[in-house]
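Novice: Below is the structure I would like to discuss, written out as structure tokens.
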Amino acid sequence: MSRLRIGVLISGRGSNLQALIDAAAKPDYPAEISLVVSNRTDAAGLERARQAGIPHRVVAAADRQTFATETDRLLREAGVGLVALAGFMRILDTGFVEAWCDRLVNIHPSLLPAFPGLHPQRQALAAGVRFSGCTVHFVRVEVDTGPIIAQGVVPVLEDDDKERLAARILAVEHQIYPMAVRLYAEARLSIVDGRVIIAGHEAPEPAALINPSEPFASAPR
Ligand code: GRF
């Protein structure tokens, strides 16, 4: 079986990169990480790549265009078929996004289209939503937009702060990113009228989530 070669772009901690590394370590996973690119020399994720024996490069170009040209060249040299942004904190050049259109995915810690941009967990707490979560999506030029592949939902609790909510969401990110990349690698995703259709899509269980849970809602007054 030939595995899809993926390139992962990071800027920091790299826990989503690690989730992809761990998934790809399983023999039946249909993708492998061929290259990790960081825009920062101090990204902890670079060490994760090193430990996993994955080629990794820093492209610290100051301007957006040079970053895009150099990164594009490295990805093509590595024979990459899918680029996964994983905590990549730099806005990508429009030409790069267009060149990799439908072969470029991102993970964002909110239920898009709610709370795009910076500090989505803080935005969720400020809005008082009862659920938040994470989204894997194809990347389009507008930040945190694009056809949605997968989402995971977590409850927001009354005593949450940004860190607690972020940690709860992150645990789900680590599940859905490898899953979404698997679906892509298995060629099960198609984009129709801006929506992702998944071949063999399974409806999730349970069918509905309610927060607060019902016993609390029906407690004696
Ligand atoms: C994650 O929450 C990701 O969704 C967001 O930035 C964070 C990166 O975390 N885009 P890590 O570097 O993968 O640990």
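By convention in this document, the chains of the structure tokens carry letters A, B, ... by their order, each chain's residues are numbered from 1, and ligands are numbered from 1 in the order they are shown.
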When you look at Lys162 (chain A) with a cut-off of 12 Å (counting only C-alpha atoms), what residues show up, excluding the ones that are within fewer than 4 positions of it in the same chain? I need them as number ranges by chain.
Specialist: A: 109, 119-126, 132, 156-158, 166-170
Novice: Neighbouring residues of Ser2 (chain A) were defined as those with any atom within 10 Å, considering only C-alpha atoms; residues of the same chain fewer than 2 positions away were excluded. Please report them as a list in words.
Specialist: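 That gives Leu4, Arg5, Pro30, Ala31 and Glu32 of chain A.
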Novice: Leaving out region 112-118 of chain A and any residue of its chain fewer than 6 positions from it, which residues lie within 12 Å of it when counting only C-alpha atoms, given as JSON, numbers by chain?
Specialist: {"A": [87, 88, 89, 90, 91, 106, 124, 125, 126, 127, 129, 131, 132, 133, 134, 135, 136, 137, 138, 142, 143, 144, 145, 146, 147, 148, 149, 150, 151, 152, 153]}
Novice: Residues within 7 Å of Thr71 (chain A), please, as a ChimeraX atom specification. Count only C-alpha atoms; anything in the same chain fewer than 4 positions from it doesn't count.
Specialist: /A:59,67,75
Novice: For those residues, write N, CA and C atoms to a file as a PDB file, in the first residue's frame.
Specialist:
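Below is the file selection.pdb, written as the result:
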```
ATOM      1  N   VAL A  59      11.618  27.588   8.213  1.00  0.00           N
ATOM      2  CA  VAL A  59      11.587  28.636   7.190  1.00  0.00           C
ATOM      3  C   VAL A  59      11.177  29.907   7.919  1.00  0.00           C
ATOM      4  N   PHE A  67       8.340  33.255   2.445  1.00  0.00           N
ATOM      5  CA  PHE A  67       7.983  32.054   3.209  1.00  0.00           C
ATOM      6  C   PHE A  67       7.225  31.078   2.315  1.00  0.00           C
ATOM      7  N   LEU A  75       7.917  21.435   0.129  1.00  0.00           N
ATOM      8  CA  LEU A  75       6.810  20.476   0.126  1.00  0.00           C
ATOM      9  C   LEU A  75       6.806  19.668  -1.175  1.00  0.00           C
TER      10      LEU A  75
END
```
Novice: Using only C-alpha atoms and all ligand atoms, determine which residues fall within 6 Å of ligand 1, then list them as a list in words.
Specialist: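 Protein and nucleic-acid residues within 6 Å of ligand 1: Gly12, Arg13, Gly14, Ser15, Asn16, Leu17, Ala86, Gly87, Ile107, His108, Pro109 and Leu170 of chain A.
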Novice: Can you check which residues of chain A DSSP gives as alpha helix (DSSP H) on the backbone and send them as a PyMOL selection string?
Specialist: chain A and resi 15-24+45-51+64-77+94-99+120-127+162-185+214-217
Novice: Between CA of Val36 (chain A) and CA of Ile54 (chain A), what distance in Å does the model show, to one decimal?
Specialist: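 For CA of Val36 (chain A) relative to CA of Ile54 (chain A), the distance reads 7.2 Å.
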